[in-house]
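Novice: Structure file query-v9.cif (mmCIF, C-alpha atoms) is given on the next line.
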```cif
data_data
#
loop_
_atom_site.label_atom_id
_atom_site.label_comp_id
_atom_site.auth_asym_id
_atom_site.auth_seq_id
_atom_site.Cartn_x
_atom_site.Cartn_y
_atom_site.Cartn_z
CA MET A 1 92.08 -65.07 145.87
CA LEU A 2 95.16 -62.91 145.20
CA LYS A 3 93.09 -60.24 143.44
CA ILE A 4 90.78 -59.82 146.43
CA PHE A 5 93.51 -58.87 148.93
CA GLN A 6 95.45 -56.36 146.84
CA PRO A 7 96.15 -52.80 148.06
CA HIS A 8 94.00 -50.07 146.61
CA HIS A 9 95.54 -48.85 143.36
CA ASP A 10 95.53 -45.14 144.25
CA ILE A 11 96.44 -45.39 147.93
CA ILE A 12 99.60 -43.35 147.35
CA ASN A 13 98.68 -39.79 146.57
CA ASN A 14 101.84 -37.71 146.15
CA SER A 15 100.07 -34.37 145.85
CA PHE A 16 98.17 -34.98 149.10
CA GLU A 17 101.36 -36.02 150.89
CA GLU A 18 103.12 -32.90 149.59
CA CYS A 19 100.25 -30.75 150.82
CA VAL A 20 100.43 -32.31 154.30
CA GLU A 21 104.21 -31.97 154.38
CA LYS A 22 103.99 -28.30 153.35
CA PHE A 23 101.44 -27.65 156.10
CA LEU A 24 103.58 -29.37 158.74
CA ILE A 25 106.76 -27.43 157.95
CA SER A 26 105.09 -24.03 157.53
CA PRO A 27 105.29 -21.63 160.49
CA LEU A 28 102.26 -21.09 162.68
CA PRO A 29 100.03 -18.18 161.65
CA LEU A 30 100.75 -14.91 163.36
CA TYR A 31 98.02 -13.21 165.32
CA LEU A 32 97.79 -9.71 166.61
CA ALA A 33 99.13 -9.43 170.14
CA PRO A 34 96.34 -9.21 172.66
CA LYS A 35 95.69 -5.82 174.18
CA SER A 36 97.65 -5.33 177.40
CA PHE A 37 95.98 -4.92 180.76
CA THR A 38 96.13 -1.53 182.45
CA SER A 39 96.63 -0.89 186.15
CA SER A 40 93.28 0.89 186.39
CA GLU A 41 91.54 -2.06 184.70
CA ILE A 42 93.08 -4.47 187.21
CA GLN A 43 92.15 -2.16 190.09
CA ARG A 44 88.52 -2.09 188.83
CA HIS A 45 88.37 -5.89 188.60
CA ILE A 46 89.83 -6.30 192.10
CA LYS A 47 87.05 -4.07 193.44
CA LEU A 48 84.47 -6.30 191.71
CA LEU A 49 85.75 -9.51 193.33
CA PRO A 50 83.26 -10.90 195.86
CA LEU A 51 84.35 -10.48 199.49
CA LYS A 52 82.82 -13.68 200.87
CA LYS A 53 84.87 -16.14 198.76
CA SER A 54 87.31 -18.51 200.47
CA PRO A 55 91.01 -17.99 199.67
CA GLY A 56 93.19 -20.44 197.80
CA LEU A 57 96.56 -21.85 198.81
CA ASP A 58 98.12 -18.36 198.98
CA LEU A 59 95.46 -17.26 201.56
CA ILE A 60 94.97 -13.94 199.73
CA THR A 61 91.36 -12.76 199.93
CA ALA A 62 89.55 -10.04 198.01
CA GLU A 63 89.72 -7.88 201.15
CA VAL A 64 93.52 -8.14 201.17
CA ALA A 65 93.74 -7.46 197.42
CA ARG A 66 91.60 -4.34 197.78
CA GLN A 67 94.14 -2.93 200.24
CA LEU A 68 97.11 -3.35 197.88
CA PRO A 69 99.09 -0.14 197.33
CA LYS A 70 99.41 1.39 193.87
CA LYS A 71 102.97 0.03 193.45
CA ALA A 72 101.75 -3.55 194.08
CA ILE A 73 99.00 -3.06 191.47
CA VAL A 74 101.66 -1.92 188.97
CA HIS A 75 103.74 -5.06 189.70
CA LEU A 76 100.62 -7.23 189.38
CA THR A 77 99.91 -5.54 186.03
CA HIS A 78 103.41 -6.46 184.81
CA ILE A 79 102.91 -10.08 185.94
CA LEU A 80 99.49 -10.38 184.25
CA ASN A 81 100.76 -8.79 181.02
CA SER A 82 103.73 -11.17 181.03
CA ILE A 83 101.36 -14.12 181.40
CA LEU A 84 99.42 -12.83 178.41
CA ARG A 85 102.48 -12.07 176.28
CA LEU A 86 104.38 -15.29 177.02
CA SER A 87 101.34 -17.58 177.09
CA TYR A 88 102.69 -19.01 180.32
CA PHE A 89 100.56 -19.52 183.41
CA PRO A 90 102.50 -19.88 186.70
CA LEU A 91 102.34 -23.37 188.18
CA SER A 92 101.69 -21.98 191.66
CA TRP A 93 98.55 -20.29 190.34
CA LYS A 94 97.29 -23.66 189.07
CA THR A 95 97.52 -25.28 192.52
CA SER A 96 94.21 -25.47 194.33
CA VAL A 97 93.02 -26.51 197.75
CA ILE A 98 90.31 -29.14 197.47
CA ILE A 99 87.66 -29.28 200.18
CA LEU A 100 85.17 -32.12 200.32
CA ILE A 101 81.61 -31.25 201.35
CA LEU A 102 79.21 -34.03 202.27
CA LYS A 103 75.90 -33.94 200.42
CA LEU A 104 72.98 -33.11 202.72
CA GLY A 105 71.49 -36.00 204.67
CA LYS A 106 74.01 -38.56 203.40
CA PRO A 107 76.16 -40.93 205.50
CA PRO A 108 79.76 -39.67 205.87
CA ASP A 109 81.41 -43.08 205.34
CA ILE A 110 80.73 -43.28 201.56
CA PRO A 111 83.38 -41.34 199.59
CA PHE A 112 81.34 -40.65 196.42
CA LEU A 113 78.72 -38.78 198.46
CA TYR A 114 81.13 -35.87 198.91
CA ARG A 115 81.20 -32.90 196.55
CA PRO A 116 84.70 -31.52 195.86
CA ILE A 117 85.21 -27.77 195.94
CA SER A 118 88.41 -26.45 194.39
CA LEU A 119 89.76 -23.21 195.84
CA LEU A 120 92.10 -21.45 193.41
CA PRO A 121 94.33 -18.50 194.30
CA LEU A 122 92.64 -15.11 194.01
CA PHE A 123 95.02 -13.85 191.32
CA THR A 124 94.24 -16.93 189.21
CA LYS A 125 90.57 -15.97 189.23
CA LEU A 126 91.45 -12.36 188.47
CA CYS A 127 93.67 -13.36 185.53
CA GLU A 128 90.96 -15.67 184.13
CA LYS A 129 88.35 -12.89 184.29
CA LEU A 130 90.66 -10.39 182.60
CA VAL A 131 91.72 -12.78 179.83
CA LEU A 132 88.11 -13.79 179.20
CA LYS A 133 87.11 -10.12 178.95
CA HIS A 134 89.85 -9.51 176.37
CA ILE A 135 89.26 -12.57 174.19
CA SER A 136 85.44 -12.71 174.31
CA PRO A 137 84.89 -10.01 171.65
CA PHE A 138 87.37 -11.72 169.31
CA ILE A 139 85.80 -15.14 169.85
CA ASN A 140 82.28 -13.79 169.31
CA ASN A 141 83.16 -11.66 166.25
CA ALA A 142 85.10 -14.47 164.57
CA SER A 143 82.37 -17.02 165.38
CA ILE A 144 84.97 -19.45 166.70
CA ILE A 145 82.57 -21.21 169.05
CA PRO A 146 79.72 -22.95 167.21
CA GLN A 147 76.18 -21.76 167.89
CA THR A 148 75.33 -25.22 169.22
CA GLN A 149 77.86 -24.86 172.06
CA PHE A 150 75.92 -23.87 175.17
CA GLY A 151 78.28 -24.71 178.06
CA PHE A 152 80.19 -21.83 179.63
CA ARG A 153 78.68 -19.20 177.33
CA LYS A 154 76.92 -16.08 178.46
CA GLY A 155 73.22 -16.08 177.59
CA HIS A 156 73.19 -19.83 176.87
CA SER A 157 71.73 -22.32 179.33
CA THR A 158 70.61 -25.92 179.51
CA ILE A 159 67.04 -24.67 179.02
CA HIS A 160 68.05 -23.16 175.65
CA GLN A 161 69.74 -26.42 174.66
CA THR A 162 66.62 -28.39 175.69
CA HIS A 163 64.45 -26.12 173.51
CA LEU A 164 66.82 -26.61 170.56
CA LEU A 165 66.70 -30.40 170.99
CA THR A 166 62.90 -30.40 171.34
CA ASP A 167 62.54 -28.29 168.18
CA SER A 168 64.82 -30.66 166.24
CA ILE A 169 62.75 -33.66 167.34
CA ALA A 170 59.47 -31.92 166.50
CA ASN A 171 60.74 -30.87 163.04
CA SER A 172 61.89 -34.42 162.30
CA LEU A 173 58.53 -35.84 163.35
CA GLU A 174 56.66 -33.33 161.17
CA ARG A 175 58.77 -34.30 158.14
CA LYS A 176 58.40 -38.02 159.02
CA GLU A 177 62.18 -38.36 159.29
CA TYR A 178 64.37 -40.21 161.74
CA CYS A 179 65.80 -38.17 164.56
CA SER A 180 68.74 -39.62 166.44
CA ALA A 181 70.71 -38.19 169.32
CA VAL A 182 73.91 -39.11 171.06
CA LEU A 183 74.12 -37.91 174.65
CA LEU A 184 77.30 -38.10 176.69
CA ASP A 185 77.53 -37.40 180.41
CA VAL A 186 81.15 -37.09 181.44
CA ALA A 187 81.75 -37.51 185.15
#
```
Let me see the structure of the file written as structure tokens.

Specialist:
Amino acid sequence: MLKIFQPHHDIINNSFEECVEKFLISPLPLYLAPKSFTSSEIQRHIKLLPLKKSPGLDLITAEVARQLPKKAIVHLTHILNSILRLSYFPLSWKTSVIILILKLGKPPDIPFLYRPISLLPLFTKLCEKLVLKHISPFINNASIIPQTQFGFRKGHSTIHQTHLLTDSIANSLERKEYCSAVLLDVA
């Protein structure tokens, strides 16, 4: 009985522990600083913002942003470049106004029949668009996102994912193999 419940003889691996320790104490890898935003680039993106969008907590609309003087655009450029350089996103830009919209033809007394809409500040949306524009080439060139990731990627839709799944099932059936899938719907 004593021989059955003995610890594994090679459970302590000093070289593996040293490797983990070395990794944990080593400094983080350095990356090239992202390219700074220019005032003209920010001005271009402000002009592309849709006019009919509801404002966030700050009540700034695209119409208001389009009327900003050159000096305000320069200050906004400094703020956005600081966000990029410091990797710090202002808390006030993370605060949204949530509006509940009742689904069509549903009774208003059941809470889960409402669809929440989150209204973020305009400059939050602008910053997100600019950062995405700057990091997308790096992400695509370095193949950071796996090819099987379809959500939130340009040129990838649920239809493409459905085709990929159907092809995998068909290939498994042709080879007389098992084909299993795990599907998760997070709500």

Novice: Can you give me, as number ranges by chain, the residues this file yields under the PyMOL selection byres ((chain A and resi 34) around 12)?

Specialist: A: 30-33, 35-37, 81-87, 130-138

Novice: Extract, using all atoms listed in the file, all DNA, RNA and protein residues at most 7 Å from Arg115 of chain A, discarding same-chain residues fewer than 5 positions from it, and format them as an NGL selection string.

Specialist: :A and (100-103)

Novice: Counting all atoms listed in the file, find residues at most 8 Å from (97.5, -22.5, 193.7) (file frame) and give them as a PyMOL selection string.

Specialist: chain A and resi 56-58+91-97+120-121+124

Novice: Considering all atoms listed in the file, return as a CSV table (one decimal) with C-alpha atoms, in the frame of the given file whatever protein or nucleic-acid residues lie within 9 Å of segment 61-68 of chain A, sequence-local ones (same chain, fewer than 4 positions apart) excluded.

Specialist:
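Contents of the output file selection.csv:
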```
chain,number,residue,atom,x,y,z
A,43,GLN,CA,92.2,-2.2,190.1
A,46,ILE,CA,89.8,-6.3,192.1
A,47,LYS,CA,87.0,-4.1,193.4
A,48,LEU,CA,84.5,-6.3,191.7
A,49,LEU,CA,85.8,-9.5,193.3
A,50,PRO,CA,83.3,-10.9,195.9
A,51,LEU,CA,84.4,-10.5,199.5
A,52,LYS,CA,82.8,-13.7,200.9
A,53,LYS,CA,84.9,-16.1,198.8
A,54,SER,CA,87.3,-18.5,200.5
A,55,PRO,CA,91.0,-18.0,199.7
A,56,GLY,CA,93.2,-20.4,197.8
A,72,ALA,CA,101.8,-3.6,194.1
A,73,ILE,CA,99.0,-3.1,191.5
A,121,PRO,CA,94.3,-18.5,194.3
A,122,LEU,CA,92.6,-15.1,194.0
A,123,PHE,CA,95.0,-13.8,191.3
```

Novice: Have a look at atom CA of Lys129 of chain A and atom CA of Gly151 of chain A and let me know their distance in Å, one decimal.

Specialist: 16.7 Å

Novice: At what distance in Å, to one decimal, does atom CA of Lys70 of chain A lie from atom CA of Lys125 of chain A?

Specialist: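 Going from atom CA of Lys125 of chain A over to atom CA of Lys70 of chain A covers 20.0 Å.
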
Novice: Atom CA of Cys179 of chain A to atom CA of His160 of chain A: how many Å, to one decimal?

Specialist: 18.8 Å

Novice: Out of A:Arg175, A:Leu59, A:Phe150, A:Asp109, which residue has the shortest atom-to-atom distance to His163 of chain A when counting all atoms listed in the file?

Specialist: A:Phe150

Novice: So, counting only C-alpha atoms, which residue among A:Val182, A:Pro90, A:Glu177, A:Ile25 is closest to Cys127 of chain A?

Specialist: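 Closest residue, counting only C-alpha atoms: A:Pro90.
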
Novice: Quick one: segment 23-52 of chain A with N, CA, C and O atoms, as a PDB file, in the first residue's frame?

Specialist:
```pdb
ATOM      1  N   PHE A  23      12.990  33.307 -16.350  1.00  0.00           N
ATOM      2  CA  PHE A  23      11.971  33.992 -17.142  1.00  0.00           C
ATOM      3  C   PHE A  23      11.249  35.043 -16.306  1.00  0.00           C
ATOM      4  O   PHE A  23      10.990  36.144 -16.762  1.00  0.00           O
ATOM      5  N   LEU A  24      10.920  34.692 -15.058  1.00  0.00           N
ATOM      6  CA  LEU A  24      10.164  35.599 -14.201  1.00  0.00           C
ATOM      7  C   LEU A  24      10.952  36.831 -13.794  1.00  0.00           C
ATOM      8  O   LEU A  24      10.382  37.908 -13.619  1.00  0.00           O
ATOM      9  N   ILE A  25      12.262  36.708 -13.630  1.00  0.00           N
ATOM     10  CA  ILE A  25      13.053  37.867 -13.193  1.00  0.00           C
ATOM     11  C   ILE A  25      13.618  38.675 -14.368  1.00  0.00           C
ATOM     12  O   ILE A  25      14.108  39.770 -14.163  1.00  0.00           O
ATOM     13  N   SER A  26      13.509  38.151 -15.578  1.00  0.00           N
ATOM     14  CA  SER A  26      14.044  38.895 -16.728  1.00  0.00           C
ATOM     15  C   SER A  26      13.105  40.051 -17.068  1.00  0.00           C
ATOM     16  O   SER A  26      11.897  39.978 -16.868  1.00  0.00           O
ATOM     17  N   PRO A  27      13.661  41.156 -17.591  1.00  0.00           N
ATOM     18  CA  PRO A  27      12.822  42.306 -17.944  1.00  0.00           C
ATOM     19  C   PRO A  27      11.939  41.971 -19.145  1.00  0.00           C
ATOM     20  O   PRO A  27      12.233  41.063 -19.932  1.00  0.00           O
ATOM     21  N   LEU A  28      10.848  42.717 -19.248  1.00  0.00           N
ATOM     22  CA  LEU A  28       9.940  42.506 -20.375  1.00  0.00           C
ATOM     23  C   LEU A  28      10.652  42.878 -21.675  1.00  0.00           C
ATOM     24  O   LEU A  28      11.509  43.763 -21.695  1.00  0.00           O
ATOM     25  N   PRO A  29      10.308  42.233 -22.784  1.00  0.00           N
ATOM     26  CA  PRO A  29      10.951  42.576 -24.054  1.00  0.00           C
ATOM     27  C   PRO A  29      10.587  43.994 -24.483  1.00  0.00           C
ATOM     28  O   PRO A  29       9.485  44.459 -24.227  1.00  0.00           O
ATOM     29  N   LEU A  30      11.537  44.643 -25.086  1.00  0.00           N
ATOM     30  CA  LEU A  30      11.308  46.004 -25.559  1.00  0.00           C
ATOM     31  C   LEU A  30      10.768  45.969 -26.984  1.00  0.00           C
ATOM     32  O   LEU A  30      11.219  45.191 -27.817  1.00  0.00           O
ATOM     33  N   TYR A  31       9.815  46.809 -27.238  1.00  0.00           N
ATOM     34  CA  TYR A  31       9.230  46.924 -28.563  1.00  0.00           C
ATOM     35  C   TYR A  31       9.491  48.324 -29.084  1.00  0.00           C
ATOM     36  O   TYR A  31       9.673  49.271 -28.314  1.00  0.00           O
ATOM     37  N   LEU A  32       9.461  48.455 -30.381  1.00  0.00           N
ATOM     38  CA  LEU A  32       9.590  49.775 -30.962  1.00  0.00           C
ATOM     39  C   LEU A  32       8.397  50.622 -30.543  1.00  0.00           C
ATOM     40  O   LEU A  32       7.274  50.128 -30.480  1.00  0.00           O
ATOM     41  N   ALA A  33       8.650  51.881 -30.254  1.00  0.00           N
ATOM     42  CA  ALA A  33       7.554  52.777 -29.873  1.00  0.00           C
ATOM     43  C   ALA A  33       6.607  52.934 -31.057  1.00  0.00           C
ATOM     44  O   ALA A  33       7.051  53.021 -32.207  1.00  0.00           O
ATOM     45  N   PRO A  34       5.311  52.930 -30.788  1.00  0.00           N
ATOM     46  CA  PRO A  34       4.385  53.103 -31.897  1.00  0.00           C
ATOM     47  C   PRO A  34       4.524  54.486 -32.520  1.00  0.00           C
ATOM     48  O   PRO A  34       4.924  55.440 -31.849  1.00  0.00           O
ATOM     49  N   LYS A  35       4.227  54.557 -33.782  1.00  0.00           N
ATOM     50  CA  LYS A  35       4.322  55.818 -34.516  1.00  0.00           C
ATOM     51  C   LYS A  35       3.325  56.817 -33.928  1.00  0.00           C
ATOM     52  O   LYS A  35       2.177  56.470 -33.670  1.00  0.00           O
ATOM     53  N   SER A  36       3.768  58.039 -33.708  1.00  0.00           N
ATOM     54  CA  SER A  36       2.904  59.066 -33.126  1.00  0.00           C
ATOM     55  C   SER A  36       1.825  59.502 -34.114  1.00  0.00           C
ATOM     56  O   SER A  36       1.990  59.392 -35.325  1.00  0.00           O
ATOM     57  N   PHE A  37       0.744  60.021 -33.553  1.00  0.00           N
ATOM     58  CA  PHE A  37      -0.326  60.576 -34.380  1.00  0.00           C
ATOM     59  C   PHE A  37       0.066  61.995 -34.784  1.00  0.00           C
ATOM     60  O   PHE A  37       0.744  62.697 -34.036  1.00  0.00           O
ATOM     61  N   THR A  38      -0.386  62.404 -35.949  1.00  0.00           N
ATOM     62  CA  THR A  38      -0.159  63.778 -36.391  1.00  0.00           C
ATOM     63  C   THR A  38      -1.471  64.548 -36.301  1.00  0.00           C
ATOM     64  O   THR A  38      -2.558  63.955 -36.324  1.00  0.00           O
ATOM     65  N   SER A  39      -1.355  65.862 -36.213  1.00  0.00           N
ATOM     66  CA  SER A  39      -2.556  66.703 -36.151  1.00  0.00           C
ATOM     67  C   SER A  39      -3.414  66.544 -37.398  1.00  0.00           C
ATOM     68  O   SER A  39      -4.638  66.495 -37.312  1.00  0.00           O
ATOM     69  N   SER A  40      -2.761  66.453 -38.549  1.00  0.00           N
ATOM     70  CA  SER A  40      -3.534  66.310 -39.802  1.00  0.00           C
ATOM     71  C   SER A  40      -4.252  64.963 -39.851  1.00  0.00           C
ATOM     72  O   SER A  40      -5.378  64.865 -40.353  1.00  0.00           O
ATOM     73  N   GLU A  41      -3.623  63.919 -39.310  1.00  0.00           N
ATOM     74  CA  GLU A  41      -4.250  62.602 -39.270  1.00  0.00           C
ATOM     75  C   GLU A  41      -5.496  62.636 -38.371  1.00  0.00           C
ATOM     76  O   GLU A  41      -6.548  62.091 -38.722  1.00  0.00           O
ATOM     77  N   ILE A  42      -5.382  63.295 -37.242  1.00  0.00           N
ATOM     78  CA  ILE A  42      -6.514  63.412 -36.322  1.00  0.00           C
ATOM     79  C   ILE A  42      -7.617  64.241 -36.966  1.00  0.00           C
ATOM     80  O   ILE A  42      -8.797  63.887 -36.888  1.00  0.00           O
ATOM     81  N   GLN A  43      -7.250  65.315 -37.620  1.00  0.00           N
ATOM     82  CA  GLN A  43      -8.233  66.158 -38.319  1.00  0.00           C
ATOM     83  C   GLN A  43      -8.979  65.346 -39.385  1.00  0.00           C
ATOM     84  O   GLN A  43     -10.197  65.442 -39.511  1.00  0.00           O
ATOM     85  N   ARG A  44      -8.256  64.512 -40.137  1.00  0.00           N
ATOM     86  CA  ARG A  44      -8.878  63.654 -41.162  1.00  0.00           C
ATOM     87  C   ARG A  44      -9.871  62.687 -40.536  1.00  0.00           C
ATOM     88  O   ARG A  44     -10.967  62.494 -41.043  1.00  0.00           O
ATOM     89  N   HIS A  45      -9.486  62.062 -39.417  1.00  0.00           N
ATOM     90  CA  HIS A  45     -10.363  61.091 -38.759  1.00  0.00           C
ATOM     91  C   HIS A  45     -11.594  61.757 -38.153  1.00  0.00           C
ATOM     92  O   HIS A  45     -12.670  61.164 -38.135  1.00  0.00           O
ATOM     93  N   ILE A  46     -11.449  62.977 -37.669  1.00  0.00           N
ATOM     94  CA  ILE A  46     -12.610  63.709 -37.137  1.00  0.00           C
ATOM     95  C   ILE A  46     -13.606  63.967 -38.256  1.00  0.00           C
ATOM     96  O   ILE A  46     -14.816  63.822 -38.073  1.00  0.00           O
ATOM     97  N   LYS A  47     -13.100  64.304 -39.437  1.00  0.00           N
ATOM     98  CA  LYS A  47     -14.002  64.556 -40.578  1.00  0.00           C
ATOM     99  C   LYS A  47     -14.726  63.296 -41.031  1.00  0.00           C
ATOM    100  O   LYS A  47     -15.796  63.356 -41.606  1.00  0.00           O
ATOM    101  N   LEU A  48     -14.138  62.117 -40.747  1.00  0.00           N
ATOM    102  CA  LEU A  48     -14.757  60.851 -41.142  1.00  0.00           C
ATOM    103  C   LEU A  48     -15.788  60.344 -40.132  1.00  0.00           C
ATOM    104  O   LEU A  48     -16.523  59.400 -40.421  1.00  0.00           O
ATOM    105  N   LEU A  49     -15.835  60.950 -38.941  1.00  0.00           N
ATOM    106  CA  LEU A  49     -16.785  60.489 -37.925  1.00  0.00           C
ATOM    107  C   LEU A  49     -18.218  60.752 -38.393  1.00  0.00           C
ATOM    108  O   LEU A  49     -18.512  61.830 -38.909  1.00  0.00           O
ATOM    109  N   PRO A  50     -19.116  59.780 -38.214  1.00  0.00           N
ATOM    110  CA  PRO A  50     -20.500  59.972 -38.654  1.00  0.00           C
ATOM    111  C   PRO A  50     -21.211  61.050 -37.824  1.00  0.00           C
ATOM    112  O   PRO A  50     -21.044  61.122 -36.610  1.00  0.00           O
ATOM    113  N   LEU A  51     -22.000  61.882 -38.493  1.00  0.00           N
ATOM    114  CA  LEU A  51     -22.664  63.006 -37.836  1.00  0.00           C
ATOM    115  C   LEU A  51     -23.882  62.585 -37.020  1.00  0.00           C
ATOM    116  O   LEU A  51     -24.262  63.262 -36.086  1.00  0.00           O
ATOM    117  N   LYS A  52     -24.519  61.505 -37.355  1.00  0.00           N
ATOM    118  CA  LYS A  52     -25.791  61.132 -36.734  1.00  0.00           C
ATOM    119  C   LYS A  52     -25.646  60.282 -35.480  1.00  0.00           C
ATOM    120  O   LYS A  52     -26.623  59.751 -34.984  1.00  0.00           O
TER     121      LYS A  52
END
```
